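Chemist: Okay, here's the structure, questions in a sec.
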Amino acid sequence: MSAHALPTAEPRRTERRSGARVYSRVTVGGIATACVSRRQLGGLMVGDCLAARGGRRSPRLVFASNGHAIAMAAVDSEFRATFGKADLIHADGEPVVVASRLFTHTPVPERSATTDFLFDAANAAREFGLKFYLLGSTEEINARAAAALAKAYPGVEIVGRRNGYFRPEDEAAVCEEINASGADVVWVGLGVPKEYEFCTRNKARLKAGWIVTCGGCFNFAAGDYVRAPQWMQRNGLEWLHRLLREPRRLFWRYLVTNPIAIAMLLLRTRGAAAA
């Protein structure tokens, strides 16, 4: 697949170290979750990616914790082991934030939904000269997501993209293509659990600064999915909005995962871990 790059000059950038790069983790629903704001998450991305250039540091795996991930980690030991290999897990779901406030002394300051963070990251990327690669979804949606991001954030460099339909034996070639693009951030939207497995399996192959799982974010960026109203997002009801939009696909999933996730949030949320 050909790269889709914008003709912008690459600025010289260096990593900026500060206290904002220090954060604690709390166990929420059995998952070690970073106590970071959306702004701090963007700063960590910039610092890590600049530091990784030239192969000076291995990529960081960045995963998202929400009810679905918490439930799967609770019942599937293989998924739990895969998920635990992340370098940073941020709070994608509002219930994760609420549980941390109720049951820990160092709560997660705010939700960092990947559907929001994708745009935060694009804004930071154009400021600091970071390069994106989009991997996943259909060819049409992937292309429209790349075009939408480039239009909304003039100057952001999307140096490559590829749909998520490839054979396991093609995985090494896909990684070579990503490396050849010079991407700093690789967005992986292959669906659960495939995207987590791809990231952990190929961390040593890839040369980016961040490898981020992003689920269906390309659909949102392309304009195919509409976010829930703000009041539903604030009250942890975005899952209900999605259920009403796609009842056939999501009814049984939520019927099974929501009770498990609630139980895990109540029983397996506790204080701060290492900074």
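In the structure tokens, chains take the letters A, B, ... in the order shown, each chain's residues start at 1, and ligands count up from 1 in the order shown.
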Apply DSSP to the backbone of this structure and, from range 11-239 of chain A, keep only the residues in strand (DSSP E or B); write these as a PyMOL selection string.
Modeler: chain A and resi 25-28+31-34+60-65+88-91+131-136+157-162+185-189+210-213
Chemist: May I have the residues within 8 Å of Asn163 in chain A as an NGL selection string, using only C-alpha atoms and disregarding those fewer than 4 positions away in the same chain?
Modeler: :A and (135-139 or 142)
Chemist: For Ala74 in chain A, find every residue with an atom within 10 Å (counting only C-alpha atoms), except residues of its own chain fewer than 5 positions away, and show them as a list in words.
Modeler: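 Counting only the stated atoms, we get Gly29, Gly30, Ile31, His68, Ala69, Phe79, Arg80, Thr257, Ile260, Ala261, Ala263, Met264 and Arg268 of chain A.
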Chemist: Keeping N, CA and C atoms for every residue in the selection just given, could you write it to a file as a JSON list (two decimals), in the first residue's frame?
Modeler:
```
[["chain", "number", "residue", "atom", "x", "y", "z"],
["A", 29, "GLY", "N", -10.40, -2.57, 38.35],
["A", 29, "GLY", "CA", -10.99, -3.75, 37.72],
["A", 29, "GLY", "C", -9.98, -4.85, 37.44],
["A", 30, "GLY", "N", -8.89, -4.85, 38.21],
["A", 30, "GLY", "CA", -7.84, -5.85, 38.01],
["A", 30, "GLY", "C", -6.78, -5.45, 37.01],
["A", 31, "ILE", "N", -6.87, -4.24, 36.45],
["A", 31, "ILE", "CA", -5.92, -3.78, 35.43],
["A", 31, "ILE", "C", -5.15, -2.57, 35.94],
["A", 68, "HIS", "N", -15.29, -3.68, 28.42],
["A", 68, "HIS", "CA", -15.07, -4.87, 27.60],
["A", 68, "HIS", "C", -13.72, -5.51, 27.91],
["A", 69, "ALA", "N", -12.66, -4.68, 27.96],
["A", 69, "ALA", "CA", -11.33, -5.21, 28.25],
["A", 69, "ALA", "C", -11.25, -5.79, 29.66],
["A", 79, "PHE", "N", -5.93, -13.67, 27.21],
["A", 79, "PHE", "CA", -6.12, -12.25, 26.95],
["A", 79, "PHE", "C", -5.50, -11.42, 28.07],
["A", 80, "ARG", "N", -5.69, -11.85, 29.31],
["A", 80, "ARG", "CA", -5.14, -11.11, 30.45],
["A", 80, "ARG", "C", -3.62, -11.02, 30.36],
["A", 257, "THR", "N", -20.73, -9.04, 29.18],
["A", 257, "THR", "CA", -19.55, -8.36, 29.71],
["A", 257, "THR", "C", -19.86, -7.31, 30.78],
["A", 260, "ILE", "N", -19.91, -8.64, 34.43],
["A", 260, "ILE", "CA", -18.56, -9.05, 34.83],
["A", 260, "ILE", "C", -17.71, -7.81, 35.10],
["A", 261, "ALA", "N", -17.80, -6.82, 34.22],
["A", 261, "ALA", "CA", -17.00, -5.61, 34.39],
["A", 261, "ALA", "C", -17.38, -4.88, 35.68],
["A", 263, "ALA", "N", -18.63, -6.18, 38.42],
["A", 263, "ALA", "CA", -18.11, -6.96, 39.54],
["A", 263, "ALA", "C", -16.62, -6.74, 39.72],
["A", 264, "MET", "N", -15.88, -6.71, 38.62],
["A", 264, "MET", "CA", -14.43, -6.50, 38.71],
["A", 264, "MET", "C", -14.09, -5.09, 39.21],
["A", 268, "ARG", "N", -12.01, -5.54, 42.39],
["A", 268, "ARG", "CA", -10.59, -5.52, 42.06],
["A", 268, "ARG", "C", -10.09, -4.13, 41.70]]
```
Chemist: Do a neighbour search on Arg57 in chain A at 9 Å with only C-alpha atoms, toss out local chain neighbours closer than 4 positions, and write the hits as a list in words.
Modeler: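 Near Arg57 in chain A, the qualifying residues are Asp48, Cys49, Ala51, Ala52, Arg53, Lys207 and Gly209 of chain A.
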Chemist: Can you spit out the residues from that selection as a compact mmCIF listing (two decimals), in the first residue's frame, using all heavy atoms?
Modeler:
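Output file part-v9.txt is given in full below:
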```txt
# COMPACT_ATOMS: atom_id res chain seq x y z
N ASP A 48 8.04 10.20 24.34
CA ASP A 48 8.48 8.85 24.02
C ASP A 48 8.85 8.71 22.55
O ASP A 48 9.83 8.04 22.20
CB ASP A 48 7.38 7.84 24.35
CG ASP A 48 7.19 7.65 25.85
OD1 ASP A 48 8.13 7.95 26.61
OD2 ASP A 48 6.10 7.23 26.26
N CYS A 49 8.06 9.32 21.68
CA CYS A 49 8.32 9.18 20.24
C CYS A 49 9.59 9.90 19.83
O CYS A 49 10.37 9.38 19.01
CB CYS A 49 7.13 9.70 19.44
SG CYS A 49 5.68 8.62 19.52
N ALA A 51 12.12 10.43 21.76
CA ALA A 51 13.23 9.69 22.35
C ALA A 51 13.53 8.41 21.60
O ALA A 51 14.65 7.90 21.64
CB ALA A 51 12.92 9.38 23.82
N ALA A 52 12.52 7.85 20.92
CA ALA A 52 12.69 6.57 20.24
C ALA A 52 13.30 6.71 18.85
O ALA A 52 13.70 5.70 18.25
CB ALA A 52 11.34 5.86 20.13
N ARG A 53 13.34 7.91 18.32
CA ARG A 53 13.85 8.08 16.97
C ARG A 53 15.30 7.63 16.85
O ARG A 53 16.10 7.82 17.76
CB ARG A 53 13.72 9.55 16.54
CG ARG A 53 12.29 9.91 16.17
CD ARG A 53 12.18 11.32 15.65
NE ARG A 53 10.84 11.55 15.09
CZ ARG A 53 10.41 12.74 14.67
NH1 ARG A 53 11.20 13.79 14.74
NH2 ARG A 53 9.19 12.85 14.17
N LYS A 207 9.65 -0.15 14.80
CA LYS A 207 10.62 0.86 15.22
C LYS A 207 9.97 2.18 15.61
O LYS A 207 10.66 3.19 15.77
CB LYS A 207 11.63 1.10 14.09
CG LYS A 207 12.43 -0.15 13.71
CD LYS A 207 13.37 0.13 12.55
CE LYS A 207 14.14 -1.14 12.16
NZ LYS A 207 15.04 -0.90 11.00
N GLY A 209 7.73 4.93 18.00
CA GLY A 209 7.81 5.30 19.40
C GLY A 209 6.64 4.75 20.20
O GLY A 209 6.81 4.25 21.31
```
Chemist: For range 175-182 of chain A, work out the shell of residues within 8 Å, counting only C-alpha atoms and skipping chain neighbours fewer than 5 positions away, then give it as an NGL selection string.
Modeler: :A and (3 or 131 or 133 or 159-160 or 202 or 205-208)
Chemist: Could you tell me which of A:Thr104, A:Thr114, A:Gln230, A:Ser65 comes closest to Val188 in chain A if we count only C-alpha atoms?
Modeler: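 Using only C-alpha atoms, the shortest distance to Val188 in chain A belongs to A:Thr114.
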Chemist: Between CA of Gly215 in chain A and CA of Trp187 in chain A, what is the distance, to one decimal in Å?
Modeler: 9.2 Å
